[in-house]
file target.cif (mmCIF, C-alpha atoms, pLDDT in the B column; chains and numbers go by the auth columns)
data_model
loop_
_atom_site.group_PDB
_atom_site.id
_atom_site.type_symbol
_atom_site.label_atom_id
_atom_site.label_comp_id
_atom_site.label_asym_id
_atom_site.label_seq_id
_atom_site.Cartn_x
_atom_site.Cartn_y
_atom_site.Cartn_z
_atom_site.B_iso_or_equiv
_atom_site.auth_seq_id
_atom_site.auth_asym_id
ATOM 1 C CA MET A 1 1.520 13.349 -17.024 91.00 187 A
ATOM 2 C CA GLY A 2 -1.132 14.802 -19.271 93.00 188 A
ATOM 3 C CA PRO A 3 -2.643 18.240 -18.880 95.00 189 A
ATOM 4 C CA VAL A 4 -4.334 19.143 -15.597 95.00 190 A
ATOM 5 C CA PRO A 5 -8.069 18.412 -15.958 94.00 191 A
ATOM 6 C CA ALA A 6 -10.174 21.456 -16.817 95.00 192 A
ATOM 7 C CA ARG A 7 -12.464 20.741 -13.846 95.00 193 A
ATOM 8 C CA TRP A 8 -9.584 21.482 -11.428 96.00 194 A
ATOM 9 C CA LYS A 9 -10.192 24.786 -9.591 97.00 195 A
ATOM 10 C CA GLY A 10 -7.172 24.799 -7.267 96.00 196 A
ATOM 11 C CA ALA A 11 -4.335 27.298 -7.011 95.00 197 A
ATOM 12 C CA CYS A 12 -0.614 27.329 -6.443 96.00 198 A
ATOM 13 C CA GLU A 13 -0.040 29.879 -3.694 96.00 199 A
ATOM 14 C CA VAL A 14 3.474 31.263 -3.469 94.00 200 A
ATOM 15 C CA GLY A 15 5.544 32.243 -0.459 92.00 201 A
ATOM 16 C CA ARG A 16 8.952 31.836 1.115 91.00 202 A
ATOM 17 C CA ASP A 17 10.911 29.162 -0.780 92.00 203 A
ATOM 18 C CA PHE A 18 7.813 28.083 -2.700 92.00 204 A
ATOM 19 C CA LYS A 19 7.520 29.517 -6.200 94.00 205 A
ATOM 20 C CA ARG A 20 4.769 29.011 -8.749 94.00 206 A
ATOM 21 C CA SER A 21 7.178 26.736 -10.621 94.00 207 A
ATOM 22 C CA CYS A 22 6.936 24.266 -7.709 93.00 208 A
ATOM 23 C CA CYS A 23 3.513 23.370 -9.112 95.00 209 A
ATOM 24 C CA ASN A 24 3.280 21.401 -12.334 95.00 210 A
ATOM 25 C CA ARG A 25 1.232 18.568 -13.812 94.00 211 A
ATOM 26 C CA LYS A 26 1.939 16.364 -10.764 94.00 212 A
ATOM 27 C CA ILE A 27 1.689 18.953 -7.963 93.00 213 A
ATOM 28 C CA VAL A 28 -1.371 20.797 -9.217 95.00 214 A
ATOM 29 C CA GLY A 29 -2.075 22.923 -6.170 95.00 215 A
ATOM 30 C CA ALA A 30 -0.665 24.168 -2.901 96.00 216 A
ATOM 31 C CA ARG A 31 -2.372 26.369 -0.329 96.00 217 A
ATOM 32 C CA ILE A 32 -1.780 27.535 3.240 96.00 218 A
ATOM 33 C CA PHE A 33 -4.251 28.135 6.049 96.00 219 A
ATOM 34 C CA TYR A 34 -3.193 30.133 9.078 96.00 220 A
ATOM 35 C CA ARG A 35 -5.855 32.694 9.991 96.00 221 A
ATOM 36 C CA GLY A 36 -7.101 30.643 12.956 96.00 222 A
ATOM 37 C CA TYR A 37 -3.562 30.010 14.126 95.00 223 A
ATOM 38 C CA GLU A 38 -2.599 33.673 13.971 96.00 224 A
ATOM 39 C CA ALA A 39 -5.836 34.808 15.626 96.00 225 A
ATOM 40 C CA SER A 40 -5.031 32.606 18.604 94.00 226 A
ATOM 41 C CA ALA A 41 -1.228 32.346 18.747 93.00 227 A
ATOM 42 C CA GLY A 42 -0.073 35.523 17.026 93.00 228 A
ATOM 43 C CA SER A 43 1.802 36.029 13.790 94.00 229 A
ATOM 44 C CA ILE A 44 3.811 33.181 12.315 92.00 230 A
ATOM 45 C CA ASN A 45 7.522 33.902 12.523 91.00 231 A
ATOM 46 C CA GLY A 46 8.486 33.992 8.857 87.00 232 A
ATOM 47 C CA THR A 47 12.184 33.593 9.609 89.00 233 A
ATOM 48 C CA SER A 48 11.903 30.424 11.691 91.00 234 A
ATOM 49 C CA GLU A 49 9.264 28.652 9.598 93.00 235 A
ATOM 50 C CA PHE A 50 8.003 28.779 6.041 92.00 236 A
ATOM 51 C CA LYS A 51 4.832 30.845 5.794 93.00 237 A
ATOM 52 C CA SER A 52 4.178 29.172 2.484 90.00 238 A
ATOM 53 C CA PRO A 53 3.071 25.769 1.210 92.00 239 A
ATOM 54 C CA ARG A 54 6.663 24.549 1.573 92.00 240 A
ATOM 55 C CA ASP A 55 7.011 21.600 3.925 86.00 241 A
ATOM 56 C CA GLN A 56 8.769 22.550 7.157 84.00 242 A
ATOM 57 C CA ASP A 57 9.634 19.186 8.678 82.00 243 A
ATOM 58 C CA GLY A 58 9.072 16.555 5.987 80.00 244 A
ATOM 59 C CA HIS A 59 5.714 15.291 7.226 82.00 245 A
ATOM 60 C CA GLY A 60 3.708 16.737 4.326 82.00 246 A
ATOM 61 C CA THR A 61 6.219 15.427 1.803 83.00 247 A
ATOM 62 C CA HIS A 62 6.044 11.982 3.410 82.00 248 A
ATOM 63 C CA THR A 63 2.234 12.018 3.321 84.00 249 A
ATOM 64 C CA ALA A 64 2.152 13.062 -0.358 87.00 250 A
ATOM 65 C CA ALA A 65 4.729 10.430 -1.329 86.00 251 A
ATOM 66 C CA THR A 66 2.775 7.726 0.519 86.00 252 A
ATOM 67 C CA VAL A 67 -0.206 8.531 -1.681 87.00 253 A
ATOM 68 C CA ALA A 68 1.253 9.507 -5.043 89.00 254 A
ATOM 69 C CA GLY A 69 4.997 8.823 -4.988 89.00 255 A
ATOM 70 C CA ALA A 70 6.688 7.399 -8.078 91.00 256 A
ATOM 71 C CA ALA A 71 8.493 4.061 -7.943 92.00 257 A
ATOM 72 C CA VAL A 72 11.951 4.156 -6.318 94.00 258 A
ATOM 73 C CA PRO A 73 13.890 0.917 -6.913 96.00 259 A
ATOM 74 C CA GLY A 74 16.413 -0.226 -4.305 95.00 260 A
ATOM 75 C CA ALA A 75 14.754 1.512 -1.352 94.00 261 A
ATOM 76 C CA ASP A 76 15.366 0.167 2.152 94.00 262 A
ATOM 77 C CA LEU A 77 15.211 1.109 5.804 90.00 263 A
ATOM 78 C CA PHE A 78 18.681 0.851 7.337 95.00 264 A
ATOM 79 C CA GLY A 79 19.425 -2.133 5.085 93.00 265 A
ATOM 80 C CA TYR A 80 16.148 -3.921 5.801 94.00 266 A
ATOM 81 C CA ALA A 81 13.116 -4.484 3.571 92.00 267 A
ATOM 82 C CA ARG A 82 14.973 -3.726 0.339 95.00 268 A
ATOM 83 C CA GLY A 83 12.714 -3.363 -2.677 96.00 269 A
ATOM 84 C CA THR A 84 10.822 -0.860 -4.755 95.00 270 A
ATOM 85 C CA ALA A 85 8.940 1.802 -2.815 92.00 271 A
ATOM 86 C CA ARG A 86 5.986 3.577 -4.388 91.00 272 A
ATOM 87 C CA GLY A 87 2.915 5.471 -3.413 90.00 273 A
ATOM 88 C CA MET A 88 -0.528 3.894 -3.470 89.00 274 A
ATOM 89 C CA ALA A 89 -1.454 5.750 -6.673 91.00 275 A
ATOM 90 C CA PRO A 90 1.753 6.875 -8.425 90.00 276 A
ATOM 91 C CA ARG A 91 -0.161 8.394 -11.349 92.00 277 A
ATOM 92 C CA ALA A 92 -2.301 10.554 -9.047 92.00 278 A
ATOM 93 C CA ARG A 93 -1.913 14.310 -8.879 94.00 279 A
ATOM 94 C CA VAL A 94 -1.220 16.121 -5.606 93.00 280 A
ATOM 95 C CA ALA A 95 -2.692 19.244 -4.064 95.00 281 A
ATOM 96 C CA ALA A 96 -1.212 20.168 -0.680 94.00 282 A
ATOM 97 C CA TYR A 97 -3.149 22.083 1.980 95.00 283 A
ATOM 98 C CA LYS A 98 -0.858 23.166 4.829 94.00 284 A
ATOM 99 C CA VAL A 99 -2.653 23.738 8.136 93.00 285 A
ATOM 100 C CA CYS A 100 -0.037 23.001 10.808 91.00 286 A
ATOM 101 C CA TRP A 101 2.516 25.403 12.202 91.00 287 A
ATOM 102 C CA THR A 102 5.116 25.287 14.959 90.00 288 A
ATOM 103 C CA GLY A 103 2.469 26.003 17.585 88.00 289 A
ATOM 104 C CA GLY A 104 -0.024 23.441 16.313 88.00 290 A
ATOM 105 C CA CYS A 105 -2.916 22.865 13.936 90.00 291 A
ATOM 106 C CA PHE A 106 -6.065 24.896 14.551 92.00 292 A
ATOM 107 C CA SER A 107 -9.568 23.564 13.933 91.00 293 A
ATOM 108 C CA SER A 108 -10.687 26.608 11.957 94.00 294 A
ATOM 109 C CA ASP A 109 -7.734 26.189 9.582 96.00 295 A
ATOM 110 C CA ILE A 110 -8.397 22.449 9.188 93.00 296 A
ATOM 111 C CA LEU A 111 -12.071 23.066 8.408 94.00 297 A
ATOM 112 C CA ALA A 112 -11.212 25.841 5.945 97.00 298 A
ATOM 113 C CA ALA A 113 -8.634 23.660 4.174 96.00 299 A
ATOM 114 C CA VAL A 114 -10.952 20.672 3.790 96.00 300 A
ATOM 115 C CA ASP A 115 -13.766 22.895 2.514 97.00 301 A
ATOM 116 C CA ARG A 116 -11.361 24.555 0.053 97.00 302 A
ATOM 117 C CA ALA A 117 -10.024 21.181 -1.139 97.00 303 A
ATOM 118 C CA VAL A 118 -13.560 19.999 -1.872 97.00 304 A
ATOM 119 C CA ALA A 119 -14.342 23.255 -3.709 97.00 305 A
ATOM 120 C CA ASP A 120 -11.074 22.925 -5.670 97.00 306 A
ATOM 121 C CA GLY A 121 -12.231 19.549 -6.949 97.00 307 A
ATOM 122 C CA VAL A 122 -10.168 16.905 -5.155 96.00 308 A
ATOM 123 C CA ASP A 123 -11.330 13.298 -5.489 95.00 309 A
ATOM 124 C CA VAL A 124 -9.459 11.967 -2.448 93.00 310 A
ATOM 125 C CA LEU A 125 -8.278 13.540 0.802 93.00 311 A
ATOM 126 C CA SER A 126 -5.376 11.766 2.489 90.00 312 A
ATOM 127 C CA ILE A 127 -5.110 13.482 5.853 88.00 313 A
ATOM 128 C CA SER A 128 -2.387 12.849 8.390 86.00 314 A
ATOM 129 C CA LEU A 129 -3.461 14.810 11.444 83.00 315 A
ATOM 130 C CA GLY A 130 -4.253 13.655 14.911 72.00 316 A
ATOM 131 C CA GLY A 131 -5.105 14.950 18.297 70.00 317 A
ATOM 132 C CA GLY A 132 -6.864 14.070 21.463 71.00 318 A
ATOM 133 C CA VAL A 133 -9.891 11.833 21.613 72.00 319 A
ATOM 134 C CA SER A 134 -13.228 13.646 21.655 78.00 320 A
ATOM 135 C CA SER A 135 -16.840 13.076 20.725 81.00 321 A
ATOM 136 C CA TYR A 136 -17.513 13.033 17.005 80.00 322 A
ATOM 137 C CA TYR A 137 -19.518 16.266 17.041 81.00 323 A
ATOM 138 C CA ARG A 138 -16.626 18.075 18.826 84.00 324 A
ATOM 139 C CA ASP A 139 -13.878 16.728 16.565 86.00 325 A
ATOM 140 C CA SER A 140 -13.326 19.242 13.773 87.00 326 A
ATOM 141 C CA LEU A 141 -11.455 16.742 11.614 88.00 327 A
ATOM 142 C CA SER A 142 -14.333 14.254 11.853 89.00 328 A
ATOM 143 C CA VAL A 143 -16.853 16.955 10.989 91.00 329 A
ATOM 144 C CA ALA A 144 -14.737 18.130 8.034 93.00 330 A
ATOM 145 C CA ALA A 145 -14.215 14.566 6.784 92.00 331 A
ATOM 146 C CA PHE A 146 -17.941 13.851 7.014 94.00 332 A
ATOM 147 C CA GLY A 147 -18.710 16.994 5.027 95.00 333 A
ATOM 148 C CA ALA A 148 -16.191 16.022 2.332 96.00 334 A
ATOM 149 C CA MET A 149 -17.649 12.511 2.165 96.00 335 A
ATOM 150 C CA GLU A 150 -21.123 13.983 1.745 97.00 336 A
ATOM 151 C CA MET A 151 -19.762 15.814 -1.338 97.00 337 A
ATOM 152 C CA GLY A 152 -18.429 12.575 -2.854 97.00 338 A
ATOM 153 C CA VAL A 153 -14.792 12.879 -1.751 96.00 339 A
ATOM 154 C CA PHE A 154 -13.102 9.753 -0.383 95.00 340 A
ATOM 155 C CA VAL A 155 -11.349 10.586 2.910 93.00 341 A
ATOM 156 C CA ALA A 156 -8.525 8.585 4.497 89.00 342 A
ATOM 157 C CA CYS A 157 -7.229 9.764 7.881 84.00 343 A
ATOM 158 C CA SER A 158 -4.023 8.084 8.957 77.00 344 A
ATOM 159 C CA ALA A 159 -3.303 9.571 12.348 64.00 345 A
ATOM 160 C CA GLY A 160 -4.862 10.020 15.719 54.00 346 A
ATOM 161 C CA THR A 161 -3.515 7.276 17.940 53.00 347 A
ATOM 162 C CA ALA A 162 -1.295 8.111 20.865 55.00 348 A
ATOM 163 C CA GLY A 163 0.577 4.816 20.937 55.00 349 A
ATOM 164 C CA ARG A 164 0.008 2.086 23.462 59.00 350 A
ATOM 165 C CA THR A 165 -2.803 3.587 25.456 58.00 351 A
ATOM 166 C CA PRO A 166 -6.277 2.173 26.120 56.00 352 A
ATOM 167 C CA SER A 167 -7.701 4.491 23.431 53.00 353 A
ATOM 168 C CA ALA A 168 -5.156 3.444 20.790 50.00 354 A
ATOM 169 C CA SER A 169 -6.750 0.095 20.093 48.00 355 A
ATOM 170 C CA PRO A 170 -9.468 -2.020 21.654 47.00 356 A
ATOM 171 C CA THR A 171 -6.886 -4.749 22.270 45.00 357 A
ATOM 172 C CA SER A 172 -3.984 -2.604 23.469 42.00 358 A
ATOM 173 C CA PRO A 173 -3.210 -3.105 27.149 42.00 359 A
ATOM 174 C CA PRO A 174 -2.326 0.063 29.077 43.00 360 A
ATOM 175 C CA GLY A 175 1.350 0.986 29.450 43.00 361 A
#
call {"tool": "encode", "arguments": {"input": "target.cif", "output": "structure tokens"}}
result
Amino acid sequence: MGPVPARWKGACEVGRDFKRSCCNRKIVGARIFYRGYEASAGSINGTSEFKSPRDQDGHGTHTAATVAGAAVPGADLFGYARGTARGMAPRARVAAYKVCWTGGCFSSDILAAVDRAVADGVDVLSISLGGGVSSYYRDSLSVAAFGAMEMGVFVACSAGTAGRTPSASPTSPPG
């Protein structure tokens, strides 16, 4: 990939098992947000989870690869659907904003991360977070996404259903 665009204002924060060298021309930024979490739940246990941008359980890596992963020929799922797997935009750059911890994802951290991503200069936010159903004005992710959209950032949220429940889909029968 070519040089990181000069308009990019992001940062590569370091921490346990995440060095500055983890960022490059593809992964152009990585930040963590935990002040809301720690204010409510107490300090993050740095020995049982990574208090750094490093992915703890693979979800962030999966989300980034879905968006910007390079082509992988011969991919399959337990022998099915063999073919070439690739992200939606393999030439895209990635900036990761970690907001979830063992005890959950806090609204203040989500709002801070989305605001920071917009200020850093992202063009697209691909967010994979979900929670309970609430009114738009009470849903911090909806409010954050609306604010990003108002600033010209395309937002795609790919989570939030709870499976086969009446709220999961207008056509889903209960149970």
call {"tool": "resolve_selection", "arguments": {"input": "target.cif", "expression": "the PyMOL selection byres ((chain A and resi 212-214) around 12)", "output": "PyMOL selection string"}}
result
chain A and resi 187-192+194-199+206-211+215-217+239+247+250-251+254-256+275-283+303+306-308
call {"tool": "residues_around", "arguments": {"input": "target.cif", "residues": "A:Glu224", "least_positions_apart": "3", "cutoff": "12 Å", "atoms": "all atoms listed in the file", "output": "ChimeraX atom specification"}}
result
/A:219-221,227-231,237,285-292,294-295
call {"tool": "atom_distance", "arguments": {"input": "target.cif", "atom1": "atom CA of A:Leu315", "atom2": "atom CA of A:Gly333"}}
result
16.7 Å
call {"tool": "axis_aligned_box", "arguments": {"input": "target.cif", "around": "stretch 275-281 of chain A", "padding_each_side": "4 Å", "output": "JSON"}}
result
{"center_x": -0.5, "center_y": 12.5, "center_z": -7.7, "size_x": 12.4, "size_y": 21.5, "size_z": 15.3}
call {"tool": "atom_distance", "arguments": {"input": "target.cif", "atom1": "atom CA of A:Val258", "atom2": "atom CA of A:Arg272"}}
result
6.3 Å
call {"tool": "closest_residue", "arguments": {"input": "target.cif", "among": "A:Ala267, A:Ala305, A:Ala261, A:Cys343", "to": "A:Gly317", "atoms": "all atoms listed in the file"}}
result
A:Cys343
call {"tool": "closest_residue", "arguments": {"input": "target.cif", "among": "A:Val253, A:Arg268, A:Leu311, A:Gly316", "to": "A:Phe332", "atoms": "all atoms listed in the file"}}
result
A:Leu311
